Every structure is written in C-alpha cells, then in structure tokens.
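**Q** Just one file: final-v8.txt, with compact mmCIF, N, CA and C atoms and all ligand atoms.
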# COMPACT_ATOMS: atom_id res chain seq x y z
N MET B 1 209.25 225.61 74.99
CA MET B 1 209.27 226.91 75.68
C MET B 1 210.57 227.03 76.50
N VAL B 2 211.13 228.24 76.44
CA VAL B 2 212.33 228.52 77.24
C VAL B 2 211.94 229.58 78.26
N LYS B 3 212.43 229.44 79.51
CA LYS B 3 212.07 230.40 80.56
C LYS B 3 213.24 231.36 80.75
N ASP B 4 212.92 232.66 80.66
CA ASP B 4 213.97 233.69 80.62
C ASP B 4 214.90 233.69 81.84
N ASP B 5 214.32 233.42 83.02
CA ASP B 5 215.14 233.52 84.23
C ASP B 5 215.63 232.15 84.72
N CYS B 6 215.68 231.17 83.81
CA CYS B 6 216.06 229.81 84.22
C CYS B 6 217.50 229.53 83.79
N ILE B 7 218.35 229.23 84.76
CA ILE B 7 219.77 228.98 84.48
C ILE B 7 219.96 227.74 83.59
N PHE B 8 219.14 226.69 83.80
CA PHE B 8 219.30 225.48 82.99
C PHE B 8 218.81 225.69 81.55
N CYS B 9 217.80 226.57 81.35
CA CYS B 9 217.41 226.92 79.97
C CYS B 9 218.60 227.57 79.27
N LYS B 10 219.29 228.44 79.98
CA LYS B 10 220.43 229.16 79.38
C LYS B 10 221.59 228.19 79.10
N LEU B 11 221.88 227.30 80.04
CA LEU B 11 222.97 226.34 79.84
C LEU B 11 222.61 225.34 78.72
N ALA B 12 221.38 224.89 78.70
CA ALA B 12 220.96 223.88 77.71
C ALA B 12 221.01 224.44 76.29
N ASN B 13 220.74 225.74 76.17
CA ASN B 13 220.66 226.35 74.83
C ASN B 13 221.91 227.12 74.44
N GLY B 14 222.96 227.00 75.24
CA GLY B 14 224.24 227.62 74.90
C GLY B 14 224.26 229.13 75.10
N VAL B 15 223.28 229.68 75.82
CA VAL B 15 223.26 231.13 76.10
C VAL B 15 224.37 231.45 77.11
N ILE B 16 224.57 230.51 78.05
CA ILE B 16 225.72 230.56 78.97
C ILE B 16 226.57 229.34 78.63
N PRO B 17 227.88 229.54 78.44
CA PRO B 17 228.71 228.38 78.08
C PRO B 17 228.77 227.35 79.22
N ALA B 18 228.82 226.09 78.83
CA ALA B 18 228.87 225.00 79.82
C ALA B 18 229.90 223.99 79.38
N ALA B 19 230.38 223.19 80.32
CA ALA B 19 231.25 222.05 79.98
C ALA B 19 230.35 220.97 79.41
N SER B 20 230.27 220.92 78.08
CA SER B 20 229.25 220.13 77.40
C SER B 20 229.81 218.78 76.96
N LEU B 21 229.06 217.70 77.24
CA LEU B 21 229.48 216.35 76.83
C LEU B 21 228.75 215.88 75.59
N TYR B 22 227.54 216.40 75.38
CA TYR B 22 226.68 215.86 74.31
C TYR B 22 225.59 216.88 74.01
N GLU B 23 225.18 216.93 72.74
CA GLU B 23 224.06 217.79 72.36
C GLU B 23 223.32 217.16 71.20
N ASP B 24 221.99 217.21 71.23
CA ASP B 24 221.20 216.88 70.04
C ASP B 24 220.07 217.90 69.95
N ASP B 25 219.05 217.63 69.14
CA ASP B 25 218.02 218.67 68.96
C ASP B 25 217.21 218.91 70.23
N ALA B 26 217.14 217.93 71.13
CA ALA B 26 216.27 218.05 72.30
C ALA B 26 217.01 218.26 73.62
N PHE B 27 218.28 217.84 73.70
CA PHE B 27 219.00 217.83 74.98
C PHE B 27 220.41 218.39 74.84
N ARG B 28 220.91 218.90 75.97
CA ARG B 28 222.35 219.08 76.14
C ARG B 28 222.72 218.37 77.45
N VAL B 29 223.89 217.73 77.45
CA VAL B 29 224.40 217.08 78.65
C VAL B 29 225.65 217.82 79.08
N ILE B 30 225.64 218.30 80.34
CA ILE B 30 226.77 219.11 80.84
C ILE B 30 227.33 218.48 82.11
N LEU B 31 228.55 218.89 82.45
CA LEU B 31 229.12 218.44 83.73
C LEU B 31 228.52 219.26 84.86
N ASP B 32 228.20 218.59 85.97
CA ASP B 32 227.67 219.26 87.15
C ASP B 32 228.78 220.11 87.78
N ALA B 33 228.43 221.33 88.19
CA ALA B 33 229.40 222.25 88.77
C ALA B 33 229.89 221.79 90.15
N ASN B 34 229.12 220.94 90.81
CA ASN B 34 229.48 220.45 92.16
C ASN B 34 229.34 218.93 92.16
N PRO B 35 230.29 218.25 91.50
CA PRO B 35 230.09 216.82 91.23
C PRO B 35 230.13 215.93 92.47
N ALA B 36 229.26 214.92 92.48
CA ALA B 36 229.28 213.90 93.52
C ALA B 36 230.43 212.92 93.28
N SER B 37 230.86 212.79 92.03
CA SER B 37 232.01 211.95 91.68
C SER B 37 232.55 212.48 90.35
N LYS B 38 233.74 212.01 89.97
CA LYS B 38 234.36 212.49 88.73
C LYS B 38 233.48 212.15 87.52
N GLY B 39 233.07 213.17 86.78
CA GLY B 39 232.28 212.97 85.57
C GLY B 39 230.78 213.16 85.76
N HIS B 40 230.35 213.45 86.98
CA HIS B 40 228.90 213.67 87.28
C HIS B 40 228.32 214.64 86.25
N ALA B 41 227.29 214.17 85.55
CA ALA B 41 226.72 214.96 84.45
C ALA B 41 225.23 215.19 84.67
N LEU B 42 224.71 216.19 83.96
CA LEU B 42 223.29 216.53 84.02
C LEU B 42 222.72 216.50 82.62
N ILE B 43 221.65 215.77 82.42
CA ILE B 43 220.93 215.76 81.14
C ILE B 43 219.85 216.83 81.21
N LEU B 44 219.96 217.83 80.34
CA LEU B 44 219.02 218.96 80.36
C LEU B 44 218.22 219.00 79.06
N PRO B 45 216.89 218.93 79.11
CA PRO B 45 216.12 219.22 77.90
C PRO B 45 216.30 220.69 77.52
N LYS B 46 216.24 220.98 76.22
CA LYS B 46 216.43 222.37 75.77
C LYS B 46 215.19 223.21 76.04
N HIS B 47 214.03 222.57 76.17
CA HIS B 47 212.81 223.30 76.54
C HIS B 47 212.63 223.23 78.05
N HIS B 48 211.89 224.19 78.58
CA HIS B 48 211.69 224.25 80.03
C HIS B 48 210.51 223.40 80.46
N TYR B 49 210.78 222.45 81.35
CA TYR B 49 209.73 221.71 82.07
C TYR B 49 210.16 221.73 83.52
N GLN B 50 209.25 222.06 84.40
CA GLN B 50 209.66 222.21 85.81
C GLN B 50 210.15 220.90 86.42
N ASP B 51 209.46 219.82 86.08
CA ASP B 51 209.81 218.53 86.69
C ASP B 51 209.24 217.40 85.83
N LEU B 52 209.38 216.19 86.33
CA LEU B 52 208.95 215.01 85.56
C LEU B 52 207.46 215.05 85.21
N CYS B 53 206.66 215.59 86.11
CA CYS B 53 205.20 215.60 85.88
C CYS B 53 204.82 216.55 84.75
N GLU B 54 205.67 217.52 84.47
CA GLU B 54 205.40 218.48 83.39
C GLU B 54 206.02 218.06 82.06
N LEU B 55 206.89 217.06 82.12
CA LEU B 55 207.72 216.72 80.95
C LEU B 55 206.86 216.27 79.76
N ASP B 56 207.23 216.73 78.59
CA ASP B 56 206.60 216.30 77.35
C ASP B 56 206.85 214.79 77.15
N GLU B 57 205.83 214.07 76.71
CA GLU B 57 205.95 212.61 76.58
C GLU B 57 207.07 212.19 75.63
N ALA B 58 207.21 212.92 74.52
CA ALA B 58 208.23 212.55 73.53
C ALA B 58 209.63 212.75 74.11
N ILE B 59 209.80 213.79 74.93
CA ILE B 59 211.09 214.04 75.57
C ILE B 59 211.36 212.95 76.61
N GLY B 60 210.33 212.63 77.36
CA GLY B 60 210.45 211.57 78.36
C GLY B 60 210.85 210.24 77.73
N ALA B 61 210.33 209.98 76.53
CA ALA B 61 210.62 208.71 75.85
C ALA B 61 212.08 208.64 75.39
N LYS B 62 212.70 209.81 75.22
CA LYS B 62 214.09 209.83 74.70
C LYS B 62 215.14 209.86 75.80
N VAL B 63 214.75 210.32 77.00
CA VAL B 63 215.77 210.69 77.97
C VAL B 63 216.59 209.49 78.48
N LEU B 64 215.95 208.32 78.60
CA LEU B 64 216.71 207.17 79.08
C LEU B 64 217.72 206.68 78.04
N ASN B 65 217.40 206.87 76.76
CA ASN B 65 218.38 206.50 75.72
C ASN B 65 219.61 207.39 75.80
N VAL B 66 219.38 208.68 76.07
CA VAL B 66 220.52 209.61 76.23
C VAL B 66 221.33 209.18 77.46
N ALA B 67 220.64 208.84 78.54
CA ALA B 67 221.34 208.43 79.77
C ALA B 67 222.20 207.18 79.51
N ALA B 68 221.66 206.24 78.75
CA ALA B 68 222.42 205.01 78.46
C ALA B 68 223.66 205.32 77.64
N LYS B 69 223.50 206.21 76.65
CA LYS B 69 224.63 206.60 75.80
C LYS B 69 225.74 207.24 76.65
N ILE B 70 225.35 208.15 77.53
CA ILE B 70 226.32 208.84 78.38
C ILE B 70 226.96 207.85 79.36
N GLY B 71 226.14 207.01 79.97
CA GLY B 71 226.65 206.02 80.93
C GLY B 71 227.66 205.07 80.29
N LYS B 72 227.37 204.63 79.06
CA LYS B 72 228.31 203.73 78.36
C LYS B 72 229.63 204.45 78.07
N ALA B 73 229.52 205.71 77.62
CA ALA B 73 230.75 206.46 77.30
C ALA B 73 231.56 206.74 78.57
N MET B 74 230.88 206.97 79.69
CA MET B 74 231.60 207.17 80.96
C MET B 74 232.31 205.89 81.39
N THR B 75 231.62 204.78 81.22
CA THR B 75 232.20 203.49 81.62
C THR B 75 233.46 203.22 80.80
N ASP B 76 233.37 203.44 79.49
CA ASP B 76 234.52 203.20 78.60
C ASP B 76 235.61 204.25 78.79
N GLY B 77 235.21 205.53 78.92
CA GLY B 77 236.20 206.62 78.89
C GLY B 77 236.76 206.98 80.25
N LEU B 78 235.94 206.86 81.30
CA LEU B 78 236.41 207.25 82.64
C LEU B 78 236.74 206.05 83.51
N GLY B 79 236.35 204.87 83.05
CA GLY B 79 236.66 203.65 83.80
C GLY B 79 235.80 203.48 85.04
N CYS B 80 234.60 204.08 85.06
CA CYS B 80 233.73 203.85 86.22
C CYS B 80 233.21 202.41 86.17
N ALA B 81 232.84 201.92 87.36
CA ALA B 81 232.40 200.53 87.46
C ALA B 81 230.88 200.42 87.34
N GLY B 82 230.20 201.56 87.39
CA GLY B 82 228.74 201.62 87.27
C GLY B 82 228.33 203.07 87.30
N PHE B 83 227.05 203.31 87.23
CA PHE B 83 226.58 204.70 87.34
C PHE B 83 225.15 204.71 87.84
N ASN B 84 224.80 205.79 88.54
CA ASN B 84 223.43 206.00 89.02
C ASN B 84 222.75 207.08 88.20
N LEU B 85 221.46 206.91 87.99
CA LEU B 85 220.61 208.00 87.51
C LEU B 85 219.84 208.51 88.70
N VAL B 86 219.84 209.83 88.88
CA VAL B 86 219.09 210.45 89.99
C VAL B 86 218.25 211.55 89.37
N GLN B 87 217.00 211.62 89.79
CA GLN B 87 216.10 212.62 89.21
C GLN B 87 215.17 213.10 90.31
N ASN B 88 215.39 214.33 90.78
CA ASN B 88 214.65 214.88 91.92
C ASN B 88 213.47 215.71 91.45
N ASN B 89 212.34 215.53 92.11
CA ASN B 89 211.12 216.29 91.80
C ASN B 89 210.59 216.95 93.05
N GLY B 90 210.67 218.27 93.11
CA GLY B 90 210.15 219.00 94.27
C GLY B 90 211.24 219.25 95.30
N GLU B 91 211.10 220.39 96.01
CA GLU B 91 212.10 220.76 97.02
C GLU B 91 212.29 219.68 98.07
N ALA B 92 211.17 219.06 98.49
CA ALA B 92 211.26 218.04 99.55
C ALA B 92 212.10 216.85 99.10
N ALA B 93 212.20 216.67 97.79
CA ALA B 93 212.98 215.55 97.23
C ALA B 93 214.39 215.98 96.88
N GLY B 94 214.74 217.24 97.18
CA GLY B 94 216.10 217.70 96.92
C GLY B 94 216.28 218.44 95.62
N GLN B 95 215.17 218.75 94.92
CA GLN B 95 215.31 219.51 93.67
C GLN B 95 215.62 220.97 94.00
N THR B 96 216.74 221.45 93.49
CA THR B 96 217.15 222.84 93.76
C THR B 96 217.03 223.72 92.52
N VAL B 97 217.08 223.11 91.33
CA VAL B 97 216.90 223.88 90.09
C VAL B 97 215.61 223.38 89.45
N MET B 98 214.66 224.28 89.28
CA MET B 98 213.31 223.89 88.88
C MET B 98 213.17 223.80 87.36
N HIS B 99 214.09 223.09 86.75
CA HIS B 99 214.07 222.74 85.32
C HIS B 99 214.42 221.25 85.30
N PHE B 100 213.53 220.43 84.79
CA PHE B 100 213.73 218.97 84.79
C PHE B 100 215.17 218.61 84.37
N HIS B 101 215.77 217.72 85.11
CA HIS B 101 217.10 217.23 84.73
C HIS B 101 217.32 215.85 85.33
N VAL B 102 218.20 215.10 84.70
CA VAL B 102 218.59 213.78 85.19
C VAL B 102 220.08 213.82 85.48
N HIS B 103 220.44 213.43 86.70
CA HIS B 103 221.86 213.31 87.06
C HIS B 103 222.36 211.95 86.57
N VAL B 104 223.54 211.94 85.96
CA VAL B 104 224.23 210.68 85.65
C VAL B 104 225.51 210.71 86.48
N ILE B 105 225.57 209.81 87.46
CA ILE B 105 226.66 209.86 88.45
C ILE B 105 227.51 208.60 88.33
N PRO B 106 228.73 208.75 87.80
CA PRO B 106 229.61 207.59 87.69
C PRO B 106 229.99 207.07 89.08
N ARG B 107 230.10 205.75 89.22
CA ARG B 107 230.50 205.13 90.49
C ARG B 107 231.76 204.32 90.26
N TYR B 108 232.74 204.54 91.12
CA TYR B 108 234.05 203.92 90.97
C TYR B 108 234.28 202.93 92.11
N GLU B 109 235.04 201.87 91.84
CA GLU B 109 235.44 200.96 92.91
C GLU B 109 236.18 201.79 93.95
N GLY B 110 235.76 201.73 95.21
CA GLY B 110 236.43 202.48 96.28
C GLY B 110 236.20 203.98 96.18
N GLY B 111 235.29 204.40 95.31
CA GLY B 111 235.04 205.82 95.09
C GLY B 111 234.19 206.43 96.18
N PRO B 112 233.84 207.72 96.04
CA PRO B 112 233.10 208.39 97.10
C PRO B 112 231.76 207.70 97.38
N LYS B 113 231.44 207.62 98.67
CA LYS B 113 230.14 207.04 99.05
C LYS B 113 229.06 208.07 98.76
N ILE B 114 227.94 207.60 98.28
CA ILE B 114 226.84 208.50 97.97
C ILE B 114 225.65 208.06 98.82
N ALA B 115 225.11 209.03 99.59
CA ALA B 115 224.09 208.69 100.57
C ALA B 115 222.88 208.03 99.91
N ALA B 116 222.39 206.98 100.53
CA ALA B 116 221.13 206.37 100.10
C ALA B 116 220.18 206.44 101.30
N TRP B 117 219.07 205.76 101.24
CA TRP B 117 218.15 205.78 102.36
C TRP B 117 218.41 204.60 103.28
N ASP B 118 217.91 204.75 104.55
CA ASP B 118 217.95 203.62 105.49
C ASP B 118 216.74 202.75 105.18
N PRO B 119 216.94 201.47 104.88
CA PRO B 119 215.79 200.62 104.57
C PRO B 119 214.81 200.58 105.75
N GLY B 120 213.52 200.78 105.47
CA GLY B 120 212.50 200.80 106.51
C GLY B 120 211.70 199.50 106.52
N ALA B 121 210.49 199.56 107.09
CA ALA B 121 209.60 198.40 107.14
C ALA B 121 208.19 198.86 106.80
N VAL B 122 207.37 197.96 106.33
CA VAL B 122 205.99 198.33 106.00
C VAL B 122 205.06 197.19 106.40
N SER B 123 203.93 197.54 107.03
CA SER B 123 202.97 196.52 107.47
C SER B 123 202.05 196.14 106.29
N ALA B 124 201.36 195.02 106.46
CA ALA B 124 200.39 194.59 105.43
C ALA B 124 199.28 195.63 105.29
N GLU B 125 198.88 196.21 106.42
CA GLU B 125 197.80 197.21 106.40
C GLU B 125 198.23 198.46 105.63
N GLU B 126 199.46 198.91 105.90
CA GLU B 126 199.95 200.10 105.20
C GLU B 126 200.13 199.82 103.71
N THR B 127 200.58 198.63 103.37
CA THR B 127 200.74 198.25 101.96
C THR B 127 199.39 198.37 101.25
N LYS B 128 198.33 197.88 101.91
CA LYS B 128 196.98 197.94 101.33
C LYS B 128 196.55 199.40 101.14
N GLU B 129 196.80 200.23 102.16
CA GLU B 129 196.44 201.66 102.09
C GLU B 129 197.15 202.35 100.93
N ILE B 130 198.43 202.05 100.77
CA ILE B 130 199.24 202.69 99.72
C ILE B 130 198.71 202.30 98.35
N ILE B 131 198.44 201.02 98.17
CA ILE B 131 197.95 200.53 96.87
C ILE B 131 196.63 201.21 96.53
N GLU B 132 195.75 201.31 97.52
CA GLU B 132 194.45 201.96 97.31
C GLU B 132 194.64 203.45 96.95
N ALA B 133 195.51 204.13 97.69
CA ALA B 133 195.70 205.58 97.50
C ALA B 133 196.27 205.90 96.13
N VAL B 134 197.17 205.05 95.66
CA VAL B 134 197.85 205.36 94.39
C VAL B 134 197.05 204.86 93.20
N THR B 135 196.62 203.61 93.25
CA THR B 135 196.01 203.02 92.05
C THR B 135 194.67 203.68 91.70
N THR B 136 193.98 204.25 92.67
CA THR B 136 192.72 204.91 92.36
C THR B 136 192.93 206.25 91.66
N ARG B 137 194.18 206.70 91.60
CA ARG B 137 194.48 207.98 90.94
C ARG B 137 195.23 207.82 89.62
N LEU B 138 195.40 206.62 89.17
CA LEU B 138 196.14 206.41 87.91
C LEU B 138 195.20 206.49 86.71
P1 LIG V 201 219.01 219.09 91.90
O1 LIG V 201 219.37 219.17 93.35
O2 LIG V 201 218.06 220.20 91.48
O3 LIG V 201 218.54 217.73 91.46
O4 LIG V 201 220.37 219.30 91.12
C1 LIG V 201 220.84 220.51 90.67
C2 LIG V 201 222.28 220.28 90.29
O5 LIG V 201 222.67 221.34 89.44
C3 LIG V 201 223.26 220.27 91.47
O6 LIG V 201 223.97 219.04 91.46
C4 LIG V 201 224.16 221.48 91.21
O7 LIG V 201 225.50 221.21 91.55
C5 LIG V 201 224.00 221.70 89.72
N1 LIG V 201 224.11 223.08 89.29
C6 LIG V 201 223.45 224.16 89.81
N2 LIG V 201 223.76 225.28 89.14
C7 LIG V 201 224.62 224.91 88.17
C8 LIG V 201 225.31 225.63 87.14
O8 LIG V 201 225.18 226.85 87.00
N3 LIG V 201 226.13 224.91 86.32
C9 LIG V 201 226.28 223.56 86.44
N4 LIG V 201 227.10 222.97 85.57
N5 LIG V 201 225.66 222.85 87.40
C10 LIG V 201 224.84 223.51 88.26
ZN ZN V 202 214.47 226.09 82.26
Here is a file; write its structure as structure tokens.
Ligand code: 5GP
Ligand code: ZN

**A**
Amino acid sequence: MVKDDCIFCKLANGVIPAASLYEDDAFRVILDANPASKGHALILPKHHYQDLCELDEAIGAKVLNVAAKIGKAMTDGLGCAGFNLVQNNGEAAGQTVMHFHVHVIPRYEGGPKIAAWDPGAVSAEETKEIIEAVTTRL
C-alpha cells in the first residue's frame, strides 16, 4: 500500500526525484536531506508502513541485508571507519516522518559527534519489574 500524502512513499517510488543510492523491488535508499555525516542515507520500503510494529515480516527480514550492503559500499567508497543504523518509532523517539525507515549513518575518524544517551543505572527490583512487564506480553 502507498499513502497518497506521504513524502517517503513518493520518494521511495520515484514520484518525487531523490538522490538515490540503491533500488530493488522492495526498497529505495536515498541520501538524507539533512545529513548527520557525509553519506547519511535512508532505507525506505516502497510500501507504506508507519513504523517497525506495522512492518511486513518479509520486508523486515530483508532490511538488514540492504543495510549491510549500503554500509559496506560506504566503507569502501566513502572511507568511513564504521556506520550506525538508527531506526526511530514514535514521536517520543524522534520519528518525524511516519513511514518506516532506517538511517545508515557513516562514522569517520574525527568526524562529527553524534549524540547518544547518558548511561543510567538500574536496581535489581526494577530489572525484575521490567522483565515481568515485557515478557508477559510477548
Ligand atoms: P526520523 O527523525 O523520522 O527518524 O528521520 C526523518 C529523516 O528524514 C530526517 O533525517 C530528515 O532529514 C529526512 N527527511 C525529511 N524529509 C526529507 C525529504 O524530503 N528528503 C530527504 N532526502 N530526506 C528527508
Ligand atoms: Zn509512506
């Protein structure tokens, strides 16, 4: 399914031209318009899924292979020293475009710093609570 008012549906399906790195029957990979580092790319499924929880299983099974292919080509072609995959689900997690996508962000020696989280702490009691809350819903 394609959503008429979705910018990523349009970019993924070539309705709006994009700086495209890769395309197959299920995905298009484009350069991010506001890159965190040189080569920052977005893996877009051609069908519309709002987020990871909506994603079709077959598409989900393929997406990491596409990420690996892109990451290897970035390492060889752009000379990055590593790369991050980032995938945001929900506004609270930083998702701004409500069409599932995976960021592939090349990382360079001495390159731009990319914010991570401050490591926290967790008690034994909270660990038990978390395990109970999650595992009973799987
Ligand atoms: P999110 O915050 O939803 O995980 O990431 C959305 C990403 O899409 C952002 O990094 C933003 O720069 C990028 N983006 C938003 N609109 C466009 C667009 O029209 N073209 C391209 N190439 N990237 C976009
Ligand atoms: Zn869409």

**Q** Select the residues contacting ligand LIG 201 (chain V) at a distance of at most 8 Å, based on only N, CA and C atoms and all ligand atoms, then format the selection as number ranges by chain.

**A** B: 7-8, 11, 17-19, 30-36, 41-42, 86-90, 93-103

**Q** Write out as a list in words all residues of stretch 17-129 of chain B that DSSP puts in alpha helix (DSSP H) for this structure's backbone.

**A**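 Residues meeting the alpha helix (DSSP H) criterion: Glu57, Ala58, Ile59, Gly60, Ala61, Lys62, Val63, Leu64, Asn65, Val66, Ala67, Ala68, Lys69, Ile70, Gly71, Lys72, Ala73, Met74, Thr75, Asp76, Gly77, Leu78, Ala124, Glu125, Glu126, Thr127, Lys128 and Glu129 of chain B.
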
**Q** Write out as an NGL selection string the residues lying within 6.5 Å of B:Phe27, counting all atoms listed in the file and excluding same-chain residues fewer than 5 positions away.

**A** :B and (12 or 22 or 43-46)

**Q** Given a cut-off of 7 Å, what residues near ligand ZN 202 (chain V) show up using only C-alpha atoms and all ligand atoms, put as a PyMOL selection string?

**A** chain B and resi 2-3+6-9+47-49+99

**Q** Skip B:Tyr108 itself and residues of its chain fewer than 6 positions away, then list as a list in words all residues within 8 Å of it, counting all atoms listed in the file.

**A** Ser37, Lys38, Gly79, Cys80, Ala81, Gly82 and Phe83 of chain B

**Q** Distance atom CA of B:Gly39-atom CA of B:Glu23, one decimal place?

**A**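 Result for atom CA of B:Gly39 versus atom CA of B:Glu23: 16.3 Å, one decimal.
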
**Q** Check the DSSP output for the backbone and give back, as an NGL selection string, the residues of chain B in strand (DSSP E or B).

**A** :B and (20-23 or 27-31 or 41-45 or 82-86 or 102-107)

**Q** Which protein, DNA or RNA residues have an atom at most 6 Å from (221.9, 212.9, 77.1), counting all atoms listed in the file? List them as a ChimeraX atom specification.

**A** /B:28-29,43,66-67,70

**Q** Distance atom C of B:Val104-atom N of B:Ala121, one decimal place?

**A**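 Separation of atom C of B:Val104 and atom N of B:Ala121: 27.8 Å.
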